[in-house]
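Q: One structure is given below, represented as structure tokens, and several questions about it will come after.
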Amino acid sequence: MAGIDYFERKLDDKRRLTIPTELRNEFASGVVLTRGFNQYLHLYPKHIWDREVEPALGNSIFDEKIADLNVRFRRGKTEASLDQKQGRVTIEQHLLDYAGIDRELVAIRVGAYWRIMSPGADV
């Protein structure tokens with residue numbers, strides 16, 4: 001795992017987040033962005049989403065907690081690839097609105113995924 005656990009960025013005018021060079025291999029399989037548990041976003045490498053999150057969301061359809069997690073994480077979920085030249089991914093406006101992110105953001109590693117939030121967010 002890379003040695004970077006935190007980074008700050010400003011989105012460009014097209015809502016693109018530039019992933020630090022040292023982390024781009026981590027996202028080589030693609031990127032999944034979802035709403036978080038509170039007013040922040042989750043940023044997953046696609047292989048982590050496929051291996052860990054997707055199976056957890058696929059449990060019993062009669063389990064209300066699992067159903068609620070499906071709604072939370074699938075509502076507004078986006079998948080993308082980093083652009084090859086600059087390692088950027090576009091964050092959809094509805095996700096930015098949900099997290100209260102204007103242009104500046106912070107990203108913090110939370111185990112196998114990243115929490116993306118406004119610099120002033122209280123968590």
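The chains in the structure tokens are called A, B, ... from first to last as shown; in each chain the residues are counted from 1, and the ligands are counted from 1 in the order shown.
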Based on the backbone DSSP call, show me all residues of chain A assigned strand (DSSP E), as a PyMOL selection string.
A: chain A and resi 6-10+16-18+31-35+41-45+78-80+88-90+104-110+113-117
Q: For N, CA and C atoms, I'd like the residues from the last selection saved as a compact mmCIF listing (two decimals), in the first residue's frame.
A:
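Saved as part.txt:
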# COMPACT_ATOMS: atom_id res chain seq x y z
N TYR A 6 -3.20 10.87 3.17
CA TYR A 6 -3.96 12.12 3.21
C TYR A 6 -3.46 13.01 2.08
N PHE A 7 -4.39 13.67 1.38
CA PHE A 7 -3.98 14.70 0.44
C PHE A 7 -5.08 15.74 0.31
N GLU A 8 -4.69 16.93 -0.11
CA GLU A 8 -5.62 18.04 -0.34
C GLU A 8 -5.54 18.41 -1.80
N ARG A 9 -6.68 18.79 -2.36
CA ARG A 9 -6.72 19.17 -3.77
C ARG A 9 -7.79 20.24 -4.00
N LYS A 10 -7.64 20.93 -5.13
CA LYS A 10 -8.67 21.80 -5.66
C LYS A 10 -9.16 21.16 -6.95
N ARG A 16 -12.86 17.96 -11.96
CA ARG A 16 -11.94 16.82 -12.01
C ARG A 16 -10.99 16.86 -10.81
N LEU A 17 -10.85 15.71 -10.18
CA LEU A 17 -9.92 15.51 -9.07
C LEU A 17 -8.66 14.86 -9.62
N THR A 18 -7.52 15.44 -9.34
CA THR A 18 -6.24 14.85 -9.74
C THR A 18 -5.73 13.97 -8.60
N VAL A 31 -12.20 3.64 -10.78
CA VAL A 31 -12.60 4.39 -9.60
C VAL A 31 -14.10 4.23 -9.42
N VAL A 32 -14.53 4.05 -8.17
CA VAL A 32 -15.95 4.07 -7.82
C VAL A 32 -16.13 5.16 -6.77
N LEU A 33 -17.06 6.08 -7.02
CA LEU A 33 -17.40 7.15 -6.08
C LEU A 33 -18.83 6.95 -5.61
N THR A 34 -19.03 7.03 -4.30
CA THR A 34 -20.37 6.90 -3.73
C THR A 34 -20.55 7.92 -2.62
N ARG A 35 -21.80 8.05 -2.17
CA ARG A 35 -22.06 8.81 -0.95
C ARG A 35 -21.45 8.05 0.21
N LEU A 41 -17.85 11.71 0.81
CA LEU A 41 -17.89 10.71 -0.25
C LEU A 41 -16.92 9.58 0.06
N HIS A 42 -17.17 8.43 -0.54
CA HIS A 42 -16.23 7.32 -0.52
C HIS A 42 -15.64 7.18 -1.91
N LEU A 43 -14.34 7.03 -1.97
CA LEU A 43 -13.62 6.81 -3.21
C LEU A 43 -12.94 5.45 -3.11
N TYR A 44 -13.38 4.51 -3.96
CA TYR A 44 -12.87 3.14 -3.93
C TYR A 44 -12.08 2.84 -5.20
N PRO A 45 -10.97 2.14 -5.08
CA PRO A 45 -10.42 1.52 -6.28
C PRO A 45 -11.45 0.48 -6.76
N THR A 78 -20.99 6.43 -9.06
CA THR A 78 -20.40 6.58 -10.39
C THR A 78 -19.14 5.73 -10.48
N GLU A 79 -18.87 5.26 -11.68
CA GLU A 79 -17.64 4.51 -11.97
C GLU A 79 -16.94 5.20 -13.12
N ALA A 80 -15.62 5.23 -13.03
CA ALA A 80 -14.84 5.89 -14.08
C ALA A 80 -13.43 5.32 -14.09
N ARG A 88 -6.72 12.07 -13.60
CA ARG A 88 -7.89 12.78 -13.07
C ARG A 88 -9.15 11.95 -13.22
N VAL A 89 -10.10 12.23 -12.31
CA VAL A 89 -11.42 11.63 -12.37
C VAL A 89 -12.44 12.75 -12.11
N THR A 90 -13.52 12.74 -12.86
CA THR A 90 -14.57 13.75 -12.70
C THR A 90 -15.51 13.32 -11.58
N GLU A 104 -12.41 22.99 -3.07
CA GLU A 104 -11.35 22.42 -2.26
C GLU A 104 -11.86 21.19 -1.53
N LEU A 105 -10.98 20.19 -1.43
CA LEU A 105 -11.36 18.97 -0.71
C LEU A 105 -10.14 18.36 -0.05
N VAL A 106 -10.42 17.48 0.89
CA VAL A 106 -9.38 16.67 1.50
C VAL A 106 -9.75 15.21 1.30
N ALA A 107 -8.75 14.37 1.20
CA ALA A 107 -8.95 12.94 1.04
C ALA A 107 -8.14 12.23 2.11
N ILE A 108 -8.80 11.32 2.83
CA ILE A 108 -8.17 10.59 3.92
C ILE A 108 -8.37 9.11 3.69
N ARG A 109 -7.28 8.35 3.77
CA ARG A 109 -7.38 6.89 3.62
C ARG A 109 -8.09 6.31 4.83
N VAL A 110 -9.07 5.43 4.55
CA VAL A 110 -9.80 4.72 5.59
C VAL A 110 -9.70 3.24 5.24
N TYR A 113 -10.23 2.17 1.31
CA TYR A 113 -10.87 3.21 0.49
C TYR A 113 -10.50 4.58 1.04
N TRP A 114 -11.02 5.62 0.39
CA TRP A 114 -10.71 7.01 0.75
C TRP A 114 -12.00 7.74 1.08
N ARG A 115 -11.92 8.61 2.08
CA ARG A 115 -13.03 9.49 2.43
C ARG A 115 -12.69 10.86 1.84
N ILE A 116 -13.62 11.39 1.04
CA ILE A 116 -13.43 12.68 0.38
C ILE A 116 -14.40 13.66 1.03
N MET A 117 -13.88 14.80 1.50
CA MET A 117 -14.76 15.73 2.21
C MET A 117 -14.27 17.17 2.05
Q: Taking only chain A into account, list the residues labelled alpha helix (DSSP H) by DSSP (computed from the backbone), as a list in words.
A: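 Restricting chain A to alpha helix (DSSP H) produces Lys46, His47, Ile48, Glu54, Pro55, Ala56, Leu57, Glu64, Lys65, Ile66, Ala67, Asp68, Leu69, Asn70, Val71, Arg72, Phe73, Arg74, Gln93, His94, Leu95, Leu96, Asp97, Tyr98 and Ala99 of chain A.
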Q: Taking only C-alpha atoms into account, which of A:Lys77, A:Arg103, A:Arg15, A:Lys85 comes nearest Trp49 (chain A)?
A: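 Checking each candidate against Trp49 (chain A), we get A:Lys77 as the closest.
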Q: Pick the closest to Val53 (chain A) from A:Leu82, A:Ala99, A:Ala112, A:Asn38: which is it, counting only C-alpha atoms?
A: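 Closest residue, counting only C-alpha atoms: A:Ala112.
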Q: Between A:Asp50, A:Asp63, A:Asp68, A:Asp5, single out the one closest to Gly30 (chain A), counting only C-alpha atoms.
A: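 Under the stated criterion, the closest residue is A:Asp50.
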Q: If we count only C-alpha atoms, what is near Ala121 (chain A) at a cut-off of 9 Å, once residues fewer than 2 positions away on the same chain are taken out, given as a list in words?
A: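 My reading of the contact set: Gln39, Tyr40, Ala99, Gly100, Met117, Ser118, Pro119 and Val123 of chain A.
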Q: Suppose we keep C-alpha atoms; can you now write the selection as a tab-separated table (two decimals), in the first residue's frame?
A:
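See result_35.tsv below for the written result:
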chain	number	residue	atom	x	y	z
A	39	GLN	CA	-21.85	14.21	4.39
A	40	TYR	CA	-18.72	13.00	2.64
A	99	ALA	CA	-20.75	16.34	0.53
A	100	GLY	CA	-20.83	20.15	0.61
A	117	MET	CA	-14.76	15.73	2.21
A	118	SER	CA	-14.80	19.47	2.46
A	119	PRO	CA	-11.78	20.85	4.35
A	123	VAL	CA	-16.14	14.09	11.28
Q: Ranking A:Gly3, A:Gly87, A:Gly76, A:Pro55 by minimum distance to Ala28 (chain A) and counting only C-alpha atoms, which one comes first?
A: A:Gly87
Q: Identify which of the residues A:Gly111, A:Gly58, A:Gly120, A:Gly36 lies closest to Tyr98 (chain A), counting only C-alpha atoms when measuring atom-to-atom distances.
A: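 Of A:Gly111, A:Gly58, A:Gly120, A:Gly36, the one nearest Tyr98 (chain A) is A:Gly36, counting only C-alpha atoms.
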Q: So which one's closest to Glu54 (chain A), A:His94, A:Phe37, A:Ser29, A:Phe73? Using only C-alpha atoms, please.
A: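 Smallest separation from Glu54 (chain A) among the options: A:Phe73.
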Q: As an exercise, work out the distance from CA of Leu57 (chain A) to CA of Leu69 (chain A) in Å and give it to one decimal place.
A: 7.0 Å
